[in-house]
Structure formats: structure tokens, C-alpha cells
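Okay, structure first, notes after.
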Amino acid sequence: MNSLQLTRKLNHLIMAGIASMSFALVSNAQVKTETNTVHESATKTISVDRGEGVYASGSDLVLKKDDGSIVHFANVTDTATVDGEPVAISALEPGMKLERTITTTTTPHTVTTVQTVTGKVWHVSPPHFVILTLEDGTNHKFDLPNDHKVFVDGRLVDAWSLKKGMKISATRVIEAPGIAVAQ
């Protein structure tokens with residue numbers, strides 16, 4: 001499922017019963033946040049670089065790759081593989097055939113964050129923001145996205161329907177896809 005399909009599916013869920021409100025960054029216990037990360041199957045790719053040593057000194061290595069390109073490797077580890085055997089960089093001579101195997105592991109994941117808040121409308125400026133009085137008596141401003149909906153008395157409404165003193169609850173679901181790559 002690609003990111004666009006995931007976003008559309010999420011929007012349908014929001015309209016079907018999950019209220020959405022964009023929360024400004026607030027560090028307050030009144031806004032409850034839960035985060036969950038789901039890792040998908042990892043994929044591994046293996047590639048082999050081959051070349052002929054042109055120059056080696058200290059931790060510097062210059063190779064002529066099989067495709068004819070010249071590549072400089074700085075800060076090379078203390079060994080290279082020559083004919084399947086480890087050899088110290090200092091022992092390399094021009095003309096030696098070298099290879100390195102690179103294993104790349106790619107793990108896609110999705111981080112889902114759910115934020116919920118309940119409070120009483122203190123001020124509303126539709127369609128831009130609402131200021132809520134939270135359970136601890138503090139007021140906090142929440143910016144509203146274009147497609148926002150909030151629950152009022154069990155009904156899903158937009159900012160134009162909000163009035164001072166109404167009790168509302170809102171939930172924001174954010175899904176962020178990512179990829180972890182290790183070599």
C-alpha cells in the first residue's frame with residue numbers, strides 16, 4: 001500500500017468516526033499521545049565491488065574498477081580482500097585484484113502517533129483555530145487543518161459549528177512512513 005493509498009484510507013477512517021484536529025505543539029498532560037511503530041519485512045541486497053589496486057599507502061587506497069573508473073577510498077580499514085584472503089592495506093601492491101562485498105539491509109516502518117484532547121471551547125476563530133479550556137483549567141490554542149472534524153455531544157462537526165462553552169473531544173492520527181538502511 002503506497003503513501004497516497006494509506007492517506008486516503010486514513011481520511012476515510014477519520015470521516016467514519018475518528019475526529020481530526022491539528023494540535024499545535026503542546027507539552028501538557030492534557031493532550032494524550034500514543035506512538036506505535038510497525039516494522040515491515042526487511043530486504044537485503046548484496047553487491048560486490050571489484051577492481052585493481054593502483055595505489056595504497058597508510059589508510060588510502062586508489063582502485064581502478066572493472067568499469068574503468070578510478071576511485072579513491074580514504075580511511076580504509078586495515079585489511080582488504082585479495083583472492084579471497086585478507087591482506088593488510090600496507091601490503092597491497094599495484095596490480096593486485098581486490099574485491100569488497102556490501103550487504104545493505106532496508107527495513108521499512110510506519111510510525112503512527114495518536115493525539116487526543118478533550119476540553120471546553122473558550123474561543124473559536126473558524127476555520128483557523130480553537131482555544132480550549134482543558135481539564136486542569138489552562139487554555140491552549142489548537143490550529144485547525146482544512147478537513148478538521150471534532151465530536152460535540154456525539155456528533156461530528158466542523159469549526160463553524162463550535163460555540164463558546166461547548167465540550168469537545170478530538171483525535172489526530174499521524175502516520176509517518178520511514179526506512180532504516182544499514183550497510
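For the C-alpha cells, the naming scheme is as follows: chains receive sequential letters (A, B, ...) according to their order of presentation, residues are indexed from 1 within each chain, and ligands are indexed from 1 in presentation order.
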Exercise. Find the residues near A:Lys120: any atom within 7 Å, counting only C-alpha atoms, skip ones fewer than 3 places away on the same chain, and give them as a PyMOL selection string.
Key: chain A and resi 132-134+165-168
Quiz item: Leaving out A:Val71 and any residue of its chain fewer than 6 positions from it, which residues lie within 10 Å of it when counting only C-alpha atoms, given as number ranges by chain?
Solution: A: 51, 53-54, 61-65
With N, CA and C atoms retained, write the just-selected residues as a PDB file, in the first residue's frame.
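Final output, selection.pdb:
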ATOM      1  N   GLY A  51      38.074  -4.496  -8.350  1.00  0.00           N
ATOM      2  CA  GLY A  51      38.979  -3.574  -9.013  1.00  0.00           C
ATOM      3  C   GLY A  51      40.422  -4.007  -8.874  1.00  0.00           C
ATOM      4  N   GLY A  53      44.230  -2.701  -7.710  1.00  0.00           N
ATOM      5  CA  GLY A  53      44.929  -1.703  -6.919  1.00  0.00           C
ATOM      6  C   GLY A  53      45.837  -0.842  -7.787  1.00  0.00           C
ATOM      7  N   VAL A  54      45.721   0.463  -7.643  1.00  0.00           N
ATOM      8  CA  VAL A  54      46.581   1.396  -8.365  1.00  0.00           C
ATOM      9  C   VAL A  54      47.597   1.991  -7.392  1.00  0.00           C
ATOM     10  N   LEU A  61      43.538   4.203  -0.390  1.00  0.00           N
ATOM     11  CA  LEU A  61      43.555   3.182  -1.420  1.00  0.00           C
ATOM     12  C   LEU A  61      42.946   3.768  -2.683  1.00  0.00           C
ATOM     13  N   VAL A  62      43.619   3.574  -3.818  1.00  0.00           N
ATOM     14  CA  VAL A  62      43.101   4.003  -5.114  1.00  0.00           C
ATOM     15  C   VAL A  62      42.934   2.757  -5.968  1.00  0.00           C
ATOM     16  N   LEU A  63      41.717   2.594  -6.501  1.00  0.00           N
ATOM     17  CA  LEU A  63      41.393   1.424  -7.317  1.00  0.00           C
ATOM     18  C   LEU A  63      40.961   1.832  -8.709  1.00  0.00           C
ATOM     19  N   LYS A  64      41.269   0.959  -9.660  1.00  0.00           N
ATOM     20  CA  LYS A  64      40.688   1.062 -10.993  1.00  0.00           C
ATOM     21  C   LYS A  64      39.631  -0.039 -11.031  1.00  0.00           C
ATOM     22  N   LYS A  65      38.348   0.398 -11.067  1.00  0.00           N
ATOM     23  CA  LYS A  65      37.245  -0.564 -11.029  1.00  0.00           C
ATOM     24  C   LYS A  65      37.111  -1.270 -12.368  1.00  0.00           C
TER      25      LYS A  65
END
Exercise. Can you check which residues of stretch 2-178 of chain A DSSP gives as alpha helix (DSSP H) on the backbone and send them as a PyMOL selection string?
Key: chain A and resi 3-16
Quiz item: Where does DSSP see strand (DSSP E) in chain A, if you list the residues as JSON, numbers by chain?
Solution: {"A": [32, 33, 34, 35, 36, 37, 38, 39, 43, 44, 45, 46, 47, 48, 49, 50, 51, 52, 53, 54, 55, 56, 57, 60, 61, 62, 63, 64, 65, 70, 71, 72, 73, 79, 80, 81, 82, 85, 86, 87, 88, 97, 98, 99, 100, 101, 102, 103, 104, 105, 106, 107, 108, 109, 110, 111, 112, 113, 114, 115, 116, 117, 118, 119, 120, 121, 122, 123, 124, 125, 129, 130, 131, 132, 133, 139, 140, 141, 142, 143, 150, 151, 152, 155, 156, 157, 167, 168, 169, 170, 171, 172, 173, 174, 175, 176, 177, 178, 179, 180, 181, 182]}
Quiz item: What is the atom CA of A:Phe151 to atom CA of A:Thr35 distance in Å?
Solution: 22.1 Å
Quiz item: Any idea what the distance is between atom CA of A:Gly58 and atom CA of A:Ser90?
Solution: 6.2 Å
Quiz prompt | Between atom CA of A:Thr113 and atom CA of A:Gln30, distance in Å (one decimal) | solution =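 Those two atoms sit 15.8 Å apart.
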Quiz item: So, counting only C-alpha atoms, which residue among A:Leu98, A:Ala56, A:Ala91, A:Val117 is closest to A:Ala170?
Solution: A:Val117
Self-check item: 9 Å contact set for A:Asp66, only C-alpha atoms, chain neighbours under 3 positions out, as a PyMOL selection string
Solution: chain A and resi 49-52+69
Practice problem: Considering only C-alpha atoms, return as number ranges by chain whatever protein or nucleic-acid residues lie within 7 Å of A:Gln115, sequence-local ones (same chain, fewer than 4 positions apart) excluded. | Solution: A: 31-34, 171-173
Practice problem: Find the residue from A:Ala88, A:Pro126, A:Gly178, A:Ile131 that sits nearest to A:Val157; use only C-alpha atoms when measuring. | Solution: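 That would be A:Pro126, the residue with the smallest distance to A:Val157.
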